[in-house]
$ cat my_file_10.cif   # mmCIF, C-alpha atoms and all ligand atoms
data_work
loop_
_atom_site.label_atom_id
_atom_site.label_comp_id
_atom_site.auth_asym_id
_atom_site.auth_seq_id
_atom_site.Cartn_x
_atom_site.Cartn_y
_atom_site.Cartn_z
CA MET A 1 316.18 145.74 -41.64
CA LEU A 2 312.73 147.06 -40.74
CA ALA A 3 312.21 150.83 -40.82
CA LEU A 4 309.11 153.01 -40.63
CA ARG A 5 309.28 155.37 -43.60
CA MET A 6 307.10 158.27 -44.67
CA HIS A 7 305.66 157.88 -48.16
CA GLY A 8 303.23 160.81 -47.91
CA PRO A 9 300.64 162.41 -45.60
CA SER A 10 299.26 159.69 -43.22
CA ASP A 11 301.14 157.11 -45.29
CA ALA A 12 303.89 155.49 -43.22
CA ARG A 13 305.07 151.99 -44.07
CA LEU A 14 307.27 149.45 -42.31
CA ASP A 15 309.67 148.80 -45.16
CA ASP A 16 312.47 146.28 -45.41
CA ILE A 17 315.53 148.36 -46.32
CA PRO A 18 319.30 147.68 -46.44
CA GLU A 19 321.25 148.15 -43.19
CA PRO A 20 323.32 151.37 -43.23
CA GLN A 21 327.11 150.97 -42.91
CA ALA A 22 329.44 153.17 -40.86
CA GLY A 23 331.85 155.31 -42.87
CA PRO A 24 334.73 157.60 -41.81
CA GLY A 25 333.76 159.78 -38.86
CA THR A 26 330.44 158.03 -38.27
CA VAL A 27 329.06 155.47 -35.84
CA LYS A 28 326.55 152.70 -36.46
CA VAL A 29 324.09 152.21 -33.60
CA ARG A 30 321.78 149.24 -33.07
CA ILE A 31 318.68 150.99 -31.77
CA ALA A 32 317.55 149.71 -28.37
CA CYS A 33 314.73 152.09 -27.58
CA ALA A 34 312.85 154.85 -29.39
CA GLY A 35 310.29 157.30 -28.08
CA ILE A 36 307.25 158.48 -30.01
CA CYS A 37 307.07 162.27 -29.95
CA GLY A 38 304.13 164.59 -30.51
CA SER A 39 306.01 165.90 -33.53
CA ASP A 40 306.11 162.35 -34.99
CA LEU A 41 302.30 162.41 -34.89
CA SER A 42 302.23 165.74 -36.67
CA LEU A 43 304.93 164.59 -39.16
CA TYR A 44 302.88 161.45 -39.82
CA GLU A 45 299.83 163.49 -40.75
CA HIS A 46 301.71 166.35 -42.42
CA PRO A 47 305.30 165.42 -43.41
CA ALA A 48 307.66 168.39 -42.92
CA VAL A 49 309.44 167.83 -46.21
CA PRO A 50 308.41 166.32 -49.56
CA ILE A 51 309.54 162.76 -50.33
CA ASP A 52 312.16 163.96 -52.85
CA PHE A 53 313.65 166.54 -50.44
CA VAL A 54 317.42 166.23 -49.94
CA HIS A 55 318.84 168.13 -46.95
CA PRO A 56 322.16 169.80 -47.89
CA LEU A 57 324.04 168.30 -44.93
CA ILE A 58 322.29 164.91 -44.81
CA GLY A 59 322.14 164.28 -48.55
CA GLU A 60 319.46 161.62 -48.68
CA ALA A 61 316.19 161.59 -50.63
CA GLY A 62 313.04 159.99 -49.19
CA PRO A 63 311.16 157.98 -48.24
CA HIS A 64 312.62 159.23 -44.95
CA VAL A 65 312.70 157.09 -41.80
CA LEU A 66 310.66 158.55 -38.92
CA GLY A 67 311.71 158.92 -35.25
CA HIS A 68 314.30 161.09 -33.49
CA GLU A 69 314.26 160.06 -29.79
CA MET A 70 316.59 157.11 -29.45
CA SER A 71 319.16 155.13 -27.52
CA GLY A 72 321.10 152.08 -28.62
CA HIS A 73 324.33 150.15 -28.55
CA VAL A 74 327.27 150.94 -30.79
CA ALA A 75 327.52 148.25 -33.47
CA GLU A 76 330.36 149.65 -35.58
CA VAL A 77 332.78 152.56 -35.31
CA GLY A 78 333.96 154.33 -38.47
CA GLU A 79 337.53 155.28 -39.27
CA GLY A 80 338.92 158.19 -37.27
CA VAL A 81 336.34 158.04 -34.47
CA GLU A 82 337.77 158.18 -30.95
CA GLY A 83 336.26 157.71 -27.50
CA ILE A 84 333.37 155.53 -28.70
CA ALA A 85 333.58 151.73 -28.60
CA VAL A 86 331.47 148.86 -29.91
CA GLY A 87 328.90 147.90 -27.26
CA ASP A 88 328.66 151.36 -25.61
CA LEU A 89 325.15 152.43 -24.63
CA VAL A 90 324.55 155.78 -26.33
CA ALA A 91 321.91 158.42 -26.98
CA VAL A 92 321.77 159.85 -30.48
CA PHE A 93 321.63 163.67 -30.77
CA PRO A 94 319.37 163.95 -33.81
CA MET A 95 320.04 167.53 -34.94
CA VAL A 96 322.50 168.32 -37.68
CA ASP A 97 324.26 171.65 -38.08
CA ASP A 98 326.97 173.02 -40.34
CA ASP A 99 329.24 174.12 -37.46
CA VAL A 100 330.33 177.20 -39.48
CA CYS A 101 327.46 179.71 -39.63
CA PRO A 102 327.18 182.68 -37.19
CA ALA A 103 324.53 180.87 -35.08
CA CYS A 104 326.78 177.83 -34.68
CA GLY A 105 329.62 180.23 -33.82
CA ARG A 106 327.49 181.59 -30.96
CA GLY A 107 326.82 178.03 -29.77
CA GLU A 108 323.19 178.28 -30.91
CA THR A 109 323.40 175.21 -33.12
CA ASN A 110 319.62 174.77 -32.87
CA LEU A 111 319.33 177.98 -34.91
CA CYS A 112 321.89 176.91 -37.53
CA ASP A 113 321.45 178.34 -41.06
CA GLN A 114 321.45 174.79 -42.42
CA GLY A 115 319.93 172.99 -39.43
CA GLY A 116 318.18 169.68 -39.95
CA PHE A 117 316.88 166.65 -38.10
CA LEU A 118 317.73 162.98 -38.45
CA GLY A 119 314.50 161.02 -38.32
CA VAL A 120 312.60 163.83 -40.04
CA MET A 121 314.46 164.67 -43.25
CA GLY A 122 316.68 161.67 -43.87
CA GLY A 123 319.77 160.17 -42.31
CA GLY A 124 317.86 157.26 -40.84
CA GLY A 125 315.58 157.42 -37.84
CA ALA A 126 314.63 155.90 -34.52
CA PHE A 127 311.86 153.61 -35.77
CA SER A 128 314.26 151.17 -37.36
CA GLU A 129 316.89 148.66 -36.35
CA TYR A 130 320.06 150.65 -37.06
CA ILE A 131 321.12 154.21 -37.64
CA VAL A 132 324.47 155.64 -38.77
CA ALA A 133 325.18 159.12 -37.37
CA PRO A 134 328.18 161.46 -37.25
CA ALA A 135 330.39 160.74 -34.22
CA ARG A 136 329.67 164.26 -32.85
CA ASN A 137 325.99 163.23 -32.59
CA ILE A 138 326.77 160.26 -30.35
CA PHE A 139 326.60 160.73 -26.57
CA VAL A 140 328.02 157.80 -24.61
CA LEU A 141 325.79 157.30 -21.56
CA PRO A 142 327.30 156.93 -18.08
CA GLU A 143 326.88 153.97 -15.75
CA GLY A 144 323.37 153.54 -14.40
CA PHE A 145 321.59 154.50 -17.63
CA THR A 146 319.20 152.05 -19.26
CA ALA A 147 318.11 152.02 -22.88
CA ASP A 148 314.76 153.42 -21.72
CA THR A 149 316.20 156.41 -19.87
CA GLY A 150 318.60 156.97 -22.78
CA ALA A 151 315.66 157.42 -25.15
CA LEU A 152 314.18 160.05 -22.82
CA VAL A 153 317.20 162.37 -23.00
CA GLU A 154 315.94 163.98 -26.21
CA PRO A 155 312.43 164.98 -25.07
CA LEU A 156 313.82 166.20 -21.74
CA ALA A 157 316.42 168.29 -23.57
CA VAL A 158 313.51 170.08 -25.28
CA ALA A 159 312.10 170.93 -21.85
CA TYR A 160 315.52 171.77 -20.39
CA HIS A 161 316.23 174.29 -23.16
CA ALA A 162 312.82 175.91 -22.62
CA VAL A 163 313.47 176.30 -18.88
CA GLU A 164 316.83 177.93 -19.69
CA GLN A 165 315.03 180.31 -22.07
CA SER A 166 312.62 181.29 -19.27
CA ARG A 167 315.42 182.67 -17.03
CA ILE A 168 313.36 181.57 -13.99
CA PRO A 169 315.10 182.53 -10.75
CA ALA A 170 315.85 179.89 -8.09
CA GLY A 171 312.71 179.34 -6.02
CA GLY A 172 310.60 181.19 -8.60
CA THR A 173 307.00 180.42 -9.49
CA ALA A 174 306.35 178.78 -12.86
CA PHE A 175 303.12 178.31 -14.76
CA VAL A 176 302.89 175.50 -17.32
CA VAL A 177 299.93 175.37 -19.70
CA GLY A 178 299.30 171.79 -20.80
CA ALA A 179 300.46 168.53 -19.19
CA GLY A 180 301.28 166.51 -22.30
CA PRO A 181 304.73 164.92 -22.67
CA ILE A 182 306.44 168.33 -23.05
CA GLY A 183 304.47 169.96 -20.23
CA LEU A 184 305.32 167.08 -17.89
CA GLY A 185 308.96 167.23 -19.03
CA LEU A 186 308.95 170.97 -18.22
CA LEU A 187 307.62 170.18 -14.77
CA LEU A 188 310.41 167.64 -14.13
CA CYS A 189 313.08 170.02 -15.43
CA LEU A 190 311.72 173.01 -13.50
CA LYS A 191 311.87 170.99 -10.27
CA ALA A 192 315.35 169.68 -11.12
CA MET A 193 316.58 173.19 -11.98
CA GLY A 194 315.46 174.79 -8.72
CA ALA A 195 312.06 176.36 -9.42
CA GLY A 196 309.77 176.74 -6.42
CA ARG A 197 306.05 176.33 -7.03
CA VAL A 198 304.99 174.97 -10.41
CA VAL A 199 301.33 175.47 -11.34
CA VAL A 200 300.05 173.30 -14.19
CA SER A 201 296.80 173.98 -16.03
CA GLU A 202 295.38 170.94 -17.86
CA PRO A 203 291.82 169.95 -18.83
CA SER A 204 292.43 166.16 -18.81
CA ALA A 205 291.90 164.63 -15.35
CA GLY A 206 294.37 161.78 -16.00
CA ARG A 207 297.14 164.16 -16.96
CA ARG A 208 296.37 166.46 -14.03
CA GLU A 209 296.77 163.49 -11.73
CA LEU A 210 300.15 162.65 -13.25
CA ALA A 211 301.31 166.28 -12.94
CA ALA A 212 300.20 166.33 -9.29
CA SER A 213 302.18 163.14 -8.63
CA PHE A 214 305.27 164.97 -9.98
CA GLY A 215 304.76 167.73 -7.41
CA ALA A 216 302.76 170.29 -9.39
CA ASP A 217 299.96 172.46 -8.08
CA VAL A 218 297.31 171.52 -10.69
CA ILE A 219 294.20 173.30 -11.90
CA ASP A 220 291.43 172.49 -14.34
CA PRO A 221 291.06 175.57 -16.59
CA GLY A 222 287.40 174.62 -17.11
CA GLU A 223 286.77 175.13 -13.39
CA LYS A 224 289.17 177.86 -12.30
CA ASP A 225 290.59 180.86 -14.09
CA PRO A 226 294.34 180.13 -14.22
CA VAL A 227 295.26 183.83 -14.30
CA ALA A 228 293.27 184.66 -11.16
CA TYR A 229 294.70 181.57 -9.49
CA LEU A 230 298.31 182.54 -10.27
CA LEU A 231 297.80 186.13 -9.10
CA GLU A 232 296.17 184.95 -5.90
CA ARG A 233 299.01 182.49 -5.22
CA ASN A 234 301.78 184.98 -5.85
CA GLY A 235 300.76 188.07 -3.90
CA GLY A 236 298.88 189.59 -6.86
CA ARG A 237 302.02 189.67 -8.98
CA GLY A 238 301.83 186.50 -11.09
CA ALA A 239 304.36 183.92 -12.22
CA ASP A 240 308.06 184.54 -12.80
CA ALA A 241 307.96 182.34 -15.90
CA SER A 242 305.30 180.60 -17.94
CA PHE A 243 305.23 178.05 -20.73
CA ASP A 244 302.67 177.36 -23.44
CA SER A 245 303.24 173.69 -24.20
CA ALA A 246 299.73 173.18 -25.57
CA GLY A 247 299.70 175.60 -28.53
CA MET A 248 295.93 175.91 -28.71
CA GLY A 249 295.83 179.64 -29.52
CA ASP A 250 294.40 182.39 -27.33
CA SER A 251 293.03 179.83 -24.88
CA THR A 252 296.55 178.69 -23.95
CA PHE A 253 298.87 181.53 -24.97
CA GLY A 254 296.53 184.10 -23.37
CA PRO A 255 296.69 182.70 -19.82
CA ALA A 256 300.44 182.01 -20.11
CA TYR A 257 301.02 185.69 -21.03
CA GLN A 258 298.45 187.16 -18.63
CA ALA A 259 299.53 185.16 -15.60
CA LEU A 260 303.07 186.51 -15.85
CA ARG A 261 304.46 189.07 -13.40
CA LYS A 262 306.02 192.30 -14.69
CA GLY A 263 309.38 191.47 -16.25
CA GLY A 264 308.56 187.75 -16.38
CA THR A 265 309.15 185.54 -19.38
CA THR A 266 306.70 183.39 -21.29
CA VAL A 267 308.08 180.65 -23.51
CA VAL A 268 306.23 179.05 -26.42
CA VAL A 269 307.19 175.35 -26.62
CA ALA A 270 304.40 174.20 -28.91
CA MET A 271 303.96 174.18 -32.66
CA TYR A 272 301.53 176.94 -33.64
CA HIS A 273 299.64 176.93 -36.92
CA GLY A 274 298.04 180.37 -36.65
CA PRO A 275 298.20 183.78 -34.96
CA VAL A 276 297.07 184.78 -31.47
CA SER A 277 295.74 188.16 -30.38
CA SER A 278 297.62 190.07 -27.74
CA ASN A 279 298.27 193.75 -27.21
CA PRO A 280 301.94 194.80 -27.48
CA ALA A 281 301.16 197.77 -25.21
CA GLU A 282 301.47 195.33 -22.35
CA LEU A 283 305.02 194.49 -23.41
CA MET A 284 305.94 198.16 -23.15
CA LEU A 285 304.18 198.74 -19.84
CA THR A 286 305.33 195.59 -18.09
CA GLU A 287 308.56 194.53 -19.78
CA LYS A 288 307.17 191.04 -20.04
CA VAL A 289 309.25 188.93 -22.40
CA CYS A 290 307.72 186.58 -24.98
CA THR A 291 310.07 184.11 -26.52
CA GLY A 292 310.14 180.65 -28.01
CA SER A 293 312.22 177.57 -27.48
CA TYR A 294 313.34 175.44 -30.39
CA ALA A 295 314.80 172.01 -29.66
CA TYR A 296 318.16 172.14 -27.79
CA THR A 297 321.90 172.34 -28.14
CA ARG A 298 324.58 169.75 -27.32
CA LYS A 299 325.11 171.60 -24.04
CA ASP A 300 321.45 171.01 -23.09
CA PHE A 301 321.72 167.35 -24.11
CA ALA A 302 324.80 166.88 -21.93
CA ALA A 303 323.16 168.71 -19.00
CA VAL A 304 320.14 166.39 -19.14
CA ILE A 305 322.40 163.33 -19.20
CA ASP A 306 324.20 164.67 -16.08
CA ALA A 307 320.89 165.39 -14.32
CA ILE A 308 319.58 161.88 -15.00
CA ALA A 309 322.92 160.34 -13.96
CA ASP A 310 322.96 162.11 -10.59
CA GLY A 311 319.27 161.51 -9.93
CA ARG A 312 317.96 165.10 -10.16
CA LEU A 313 315.84 164.00 -13.12
CA ALA A 314 313.92 160.73 -12.80
CA PRO A 315 312.12 160.51 -16.14
CA MET A 316 310.80 156.93 -16.14
CA SER A 317 307.44 158.02 -14.74
CA LEU A 318 306.78 159.58 -18.18
CA VAL A 319 306.69 156.13 -19.78
CA THR A 320 303.20 154.69 -20.03
CA ASN A 321 303.76 151.86 -22.52
CA HIS A 322 306.34 149.69 -24.32
CA ILE A 323 305.67 148.28 -27.79
CA GLN A 324 307.55 146.44 -30.53
CA LEU A 325 308.74 148.09 -33.74
CA ALA A 326 306.34 145.93 -35.78
CA ASP A 327 303.50 147.61 -33.86
CA VAL A 328 304.75 151.22 -34.04
CA LEU A 329 302.07 152.38 -36.45
CA ASP A 330 298.90 150.84 -35.00
CA GLY A 331 299.94 150.42 -31.36
CA GLY A 332 301.99 153.63 -31.26
CA ILE A 333 301.29 156.48 -33.65
CA LYS A 334 297.63 155.71 -34.37
CA THR A 335 296.94 155.00 -30.68
CA LEU A 336 298.40 158.37 -29.68
CA LEU A 337 296.34 160.11 -32.36
CA GLY A 338 293.21 158.30 -31.16
CA GLU A 339 292.03 156.88 -27.87
CA GLY A 340 295.48 157.11 -26.23
CA ARG A 341 295.57 160.90 -26.52
CA ASN A 342 294.56 161.47 -22.90
CA THR A 343 295.86 158.30 -21.27
CA GLU A 344 299.32 157.81 -22.75
CA VAL A 345 302.33 160.04 -22.16
CA LYS A 346 305.43 158.42 -23.62
CA ILE A 347 305.33 155.18 -25.60
CA LEU A 348 308.73 153.52 -26.07
CA VAL A 349 309.40 151.31 -29.08
CA THR A 350 311.94 148.47 -29.17
CA PRO A 351 313.01 146.83 -32.43
ZN ZN A 401 325.32 176.56 -38.43
#
$ encode --input "my_file_10.cif" --output "structure tokens"
Amino acid sequence: MLALRMHGPSDARLDDIPEPQAGPGTVKVRIACAGICGSDLSLYEHPAVPIDFVHPLIGEAGPHVLGHEMSGHVAEVGEGVEGIAVGDLVAVFPMVDDDVCPACGRGETNLCDQGGFLGVMGGGGAFSEYIVAPARNIFVLPEGFTADTGALVEPLAVAYHAVEQSRIPAGGTAFVVGAGPIGLGLLLCLKAMGAGRVVVSEPSAGRRELAASFGADVIDPGEKDPVAYLLERNGGRGADASFDSAGMGDSTFGPAYQALRKGGTTVVVAMYHGPVSSNPAELMLTEKVCTGSYAYTRKDFAAVIDAIADGRLAPMSLVTNHIQLADVLDGGIKTLLGEGRNTEVKILVTP
């Protein structure tokens, strides 16, 4: 079968590899749809793990298959697996955890001592024809789901978890910095989860337009000061919750932190590669909370599936293009790193 594998920095190849086979407790899925994530772009340029890395729970050396947002149909069910049948449309939960450490015991499987990711550090990936995953990573999708919406569960779970971390009250005001795929996902989840006004700051006109069409109050940070705007809109107090989904340093973290009301929460949902400057005195004086949001748990995954099933979340507007697996590198990853940066949101890949 065809699979996009990482051989080194900026060296991904569509290799012909043997089809994986289901074993006891696992399920083989014929991938129907895979989303390209911002982290795939970063993993393409700077792989997270060396090619000879073997994750203790996954147990597979590289070259590792790339891609972790996926839906598909069950092709084979391993011994001892119940409640999953051949032909079921499923979403694959790509995180692995040991289920025994203190974090897992608290239900925080995203913070597991031995956490890992299928499609990043082995265990197959979304940019291929088949994947075999543990049965506990398989979510059977309810009636009404399509392969496309199934592949969007994962990125929306990232946003859903971040909104949970923000503790935004019902009807509260949110401020989202950046309207990339995560920022737009945050906007959809905030609306679905009962936030009131959502202000989005984004320099790209195309992305601002998209955010506005999803019901956001949008501003161009090059034209208006987002902090002044938030204070003005919220009786001088600022936002109840804010999100840095851009990760550009002081220029994005600063406004997210400054635009917050006393006692509000700012959530970092972007990969940072360096420090920012902020004065902790403000934390003491205002009880603002700064936290991060890393991936999601099974509970978040299931909540997103429910929200899509009952129509609270309508994620298809995030999809800007469909391509074939054979074109994933040039038409997908390289496009998103190049001229598609400001025009594409989510590209879906079908084998
Ligand atoms: Zn654990």
$ closest_atom_pairs --input "my_file_10.cif" --of "chain A" --to "ligand ZN 401 (chain A)" --cutoff "7 Å" --atoms "all atoms listed in the file" --output "CSV"
residue,atom,partner,partner_atom,distance
A:Asp97,CA,A:ZN401,ZN,5.0
A:Asp98,CA,A:ZN401,ZN,4.3
A:Asp99,CA,A:ZN401,ZN,4.7
A:Val100,CA,A:ZN401,ZN,5.2
A:Cys101,CA,A:ZN401,ZN,4.0
A:Pro102,CA,A:ZN401,ZN,6.5
A:Ala103,CA,A:ZN401,ZN,5.5
A:Cys104,CA,A:ZN401,ZN,4.2
A:Thr109,CA,A:ZN401,ZN,5.8
A:Cys112,CA,A:ZN401,ZN,3.6
A:Asp113,CA,A:ZN401,ZN,5.0
A:Gln114,CA,A:ZN401,ZN,5.8
A:Gly115,CA,A:ZN401,ZN,6.5
$ atom_distance --input "my_file_10.cif" --atom1 "CA of Thr146 (chain A)" --atom2 "CA of Gln324 (chain A)"
17.2 Å
$ closest_residue --input "my_file_10.cif" --among "A:Gly183, A:Gly25, A:Pro50, A:Pro18" --to "Ile138 (chain A)" --atoms "all atoms listed in the file"
A:Gly25
$ residues_around --input "my_file_10.cif" --residues "region 153-165 of chain A" --least-positions-apart "6" --cutoff "6 Å" --atoms "all atoms listed in the file" --output "mmCIF file with C-alpha atoms, in the frame of the given file"
data_model
loop_
_atom_site.group_PDB
_atom_site.id
_atom_site.type_symbol
_atom_site.label_atom_id
_atom_site.label_comp_id
_atom_site.auth_asym_id
_atom_site.auth_seq_id
_atom_site.Cartn_x
_atom_site.Cartn_y
_atom_site.Cartn_z
ATOM 1 C CA GLU A 69 314.260 160.060 -29.790
ATOM 2 C CA GLY A 185 308.960 167.230 -19.030
ATOM 3 C CA LEU A 186 308.950 170.970 -18.220
ATOM 4 C CA CYS A 189 313.080 170.020 -15.430
ATOM 5 C CA SER A 293 312.220 177.570 -27.480
ATOM 6 C CA ALA A 295 314.800 172.010 -29.660
ATOM 7 C CA TYR A 296 318.160 172.140 -27.790
ATOM 8 C CA ASP A 300 321.450 171.010 -23.090
ATOM 9 C CA PHE A 301 321.720 167.350 -24.110
#
$ residues_around --input "my_file_10.cif" --residues "Ile305 (chain A)" --least-positions-apart "3" --cutoff "10 Å" --atoms "only C-alpha atoms" --output "list in words"
Ala91, Phe139, Val140, Leu141, Pro142, Phe145, Thr149, Gly150, Leu152, Val153, Glu154, Leu156, Ala157, Lys299, Asp300, Phe301, Ala302, Ile308, Ala309, Asp310, Gly311 and Leu313 of chain A
$ residues_around --input "my_file_10.cif" --residues "Val227 (chain A)" --least-positions-apart "2" --cutoff "6 Å" --atoms "all atoms listed in the file" --output "JSON, numbers by chain"
{"A": [225, 229, 230, 255, 259]}
$ atom_distance --input "my_file_10.cif" --atom1 "CA of Val200 (chain A)" --atom2 "CA of Arg237 (chain A)"
17.3 Å
$ residues_around --input "my_file_10.cif" --residues "region 51-54 of chain A" --least-positions-apart "4" --cutoff "12 Å" --atoms "all atoms listed in the file" --output "PDB file with C-alpha atoms, keeping the file's coordinate frame"
ATOM      1  CA  ARG A   5     309.280 155.370 -43.600  1.00  0.00           C
ATOM      2  CA  MET A   6     307.100 158.270 -44.670  1.00  0.00           C
ATOM      3  CA  HIS A   7     305.660 157.880 -48.160  1.00  0.00           C
ATOM      4  CA  GLY A   8     303.230 160.810 -47.910  1.00  0.00           C
ATOM      5  CA  PRO A   9     300.640 162.410 -45.600  1.00  0.00           C
ATOM      6  CA  ASP A  11     301.140 157.110 -45.290  1.00  0.00           C
ATOM      7  CA  ALA A  12     303.890 155.490 -43.220  1.00  0.00           C
ATOM      8  CA  HIS A  46     301.710 166.350 -42.420  1.00  0.00           C
ATOM      9  CA  PRO A  47     305.300 165.420 -43.410  1.00  0.00           C
ATOM     10  CA  ILE A  58     322.290 164.910 -44.810  1.00  0.00           C
ATOM     11  CA  GLY A  59     322.140 164.280 -48.550  1.00  0.00           C
ATOM     12  CA  GLU A  60     319.460 161.620 -48.680  1.00  0.00           C
ATOM     13  CA  ALA A  61     316.190 161.590 -50.630  1.00  0.00           C
ATOM     14  CA  GLY A  62     313.040 159.990 -49.190  1.00  0.00           C
ATOM     15  CA  PRO A  63     311.160 157.980 -48.240  1.00  0.00           C
ATOM     16  CA  HIS A  64     312.620 159.230 -44.950  1.00  0.00           C
ATOM     17  CA  VAL A  65     312.700 157.090 -41.800  1.00  0.00           C
ATOM     18  CA  GLY A 116     318.180 169.680 -39.950  1.00  0.00           C
ATOM     19  CA  PHE A 117     316.880 166.650 -38.100  1.00  0.00           C
ATOM     20  CA  LEU A 118     317.730 162.980 -38.450  1.00  0.00           C
ATOM     21  CA  VAL A 120     312.600 163.830 -40.040  1.00  0.00           C
ATOM     22  CA  MET A 121     314.460 164.670 -43.250  1.00  0.00           C
ATOM     23  CA  GLY A 122     316.680 161.670 -43.870  1.00  0.00           C
ATOM     24  CA  GLY A 123     319.770 160.170 -42.310  1.00  0.00           C
TER      25      GLY A 123
END
$ residues_around --input "my_file_10.cif" --residues "Pro169 (chain A)" --least-positions-apart "5" --cutoff "10 Å" --atoms "all atoms listed in the file" --output "PyMOL selection string"
chain A and resi 174+193-196+240-241
$ closest_residue --input "my_file_10.cif" --among "A:Met70, A:Ile131, A:Leu57, A:Leu348" --to "Ile17 (chain A)" --atoms "only C-alpha atoms"
A:Ile131
$ atom_distance --input "my_file_10.cif" --atom1 "CA of Tyr257 (chain A)" --atom2 "CA of Gly171 (chain A)"
20.1 Å
$ closest_residue --input "my_file_10.cif" --among "A:Met271, A:Val77, A:Leu89, A:Ile168" --to "Gly144 (chain A)" --atoms "all atoms listed in the file"
A:Leu89
$ closest_residue --input "my_file_10.cif" --among "A:Gly180, A:Pro351, A:Gly23, A:Pro134" --to "Glu202 (chain A)" --atoms "all atoms listed in the file"
A:Gly180
$ residues_near_point --input "my_file_10.cif" --point "(337.6, 156.1, -45.1)" --cutoff "8 Å" --atoms "all atoms listed in the file" --output "JSON, numbers by chain"
{"A": [23, 24, 78, 79]}
$ closest_residue --input "my_file_10.cif" --among "A:Ala205, A:Ala212, A:Ser278, A:Arg13" --to "Asp330 (chain A)" --atoms "all atoms listed in the file"
A:Arg13
$ axis_aligned_box --input "my_file_10.cif" --around "region 208-213 of chain A" --padding-each-side "4 Å" --output "JSON"
{"center_x": 299.3, "center_y": 164.6, "center_z": -11.3, "size_x": 13.8, "size_y": 11.8, "size_z": 13.4}
$ residues_near_point --input "my_file_10.cif" --point "(300.1, 178.7, -19.2)" --cutoff "8 Å" --atoms "all atoms listed in the file" --output "ChimeraX atom specification"
/A:175-178,200-201,226,242-245,252-257,259
$ closest_residue --input "my_file_10.cif" --among "A:Gly172, A:Gly124, A:Gly238, A:Gly249" --to "Gln21 (chain A)" --atoms "only C-alpha atoms"
A:Gly124
$ decode --input "my_file_10.cif" --residues "region 47-59 of chain A" --atoms "N, CA and C atoms" --output "mmCIF file, in the first residue's frame"
data_model
loop_
_atom_site.group_PDB
_atom_site.id
_atom_site.type_symbol
_atom_site.label_atom_id
_atom_site.label_comp_id
_atom_site.auth_asym_id
_atom_site.auth_seq_id
_atom_site.Cartn_x
_atom_site.Cartn_y
_atom_site.Cartn_z
ATOM 1 N N PRO A 47 11.028 16.762 11.936
ATOM 2 C CA PRO A 47 10.424 15.574 12.551
ATOM 3 C C PRO A 47 10.598 15.594 14.072
ATOM 4 N N ALA A 48 9.534 15.166 14.787
ATOM 5 C CA ALA A 48 9.554 15.226 16.253
ATOM 6 C C ALA A 48 10.494 14.196 16.847
ATOM 7 N N VAL A 49 10.663 13.090 16.135
ATOM 8 C CA VAL A 49 11.507 12.012 16.663
ATOM 9 C C VAL A 49 12.461 11.542 15.565
ATOM 10 N N PRO A 50 13.660 11.049 15.957
ATOM 11 C CA PRO A 50 14.581 10.538 14.932
ATOM 12 C C PRO A 50 14.024 9.272 14.273
ATOM 13 N N ILE A 51 14.541 8.949 13.107
ATOM 14 C CA ILE A 51 14.019 7.836 12.313
ATOM 15 C C ILE A 51 14.135 6.495 13.041
ATOM 16 N N ASP A 52 15.130 6.356 13.941
ATOM 17 C CA ASP A 52 15.287 5.079 14.647
ATOM 18 C C ASP A 52 14.565 5.062 16.000
ATOM 19 N N PHE A 53 13.763 6.107 16.277
ATOM 20 C CA PHE A 53 13.048 6.174 17.553
ATOM 21 C C PHE A 53 11.963 5.098 17.621
ATOM 22 N N VAL A 54 11.917 4.394 18.769
ATOM 23 C CA VAL A 54 10.870 3.394 18.996
ATOM 24 C C VAL A 54 10.095 3.800 20.246
ATOM 25 N N HIS A 55 8.831 4.169 20.099
ATOM 26 C CA HIS A 55 8.017 4.553 21.253
ATOM 27 C C HIS A 55 7.726 3.307 22.092
ATOM 28 N N PRO A 56 7.848 3.422 23.441
ATOM 29 C CA PRO A 56 7.699 2.227 24.289
ATOM 30 C C PRO A 56 6.347 1.526 24.138
ATOM 31 N N LEU A 57 5.289 2.259 23.864
ATOM 32 C CA LEU A 57 3.972 1.613 23.742
ATOM 33 C C LEU A 57 3.653 1.219 22.299
ATOM 34 N N ILE A 58 4.261 1.905 21.333
ATOM 35 C CA ILE A 58 3.954 1.627 19.922
ATOM 36 C C ILE A 58 4.904 0.567 19.365
ATOM 37 N N GLY A 59 6.182 0.696 19.732
ATOM 38 C CA GLY A 59 7.151 -0.350 19.391
ATOM 39 C C GLY A 59 7.485 -0.483 17.930
#
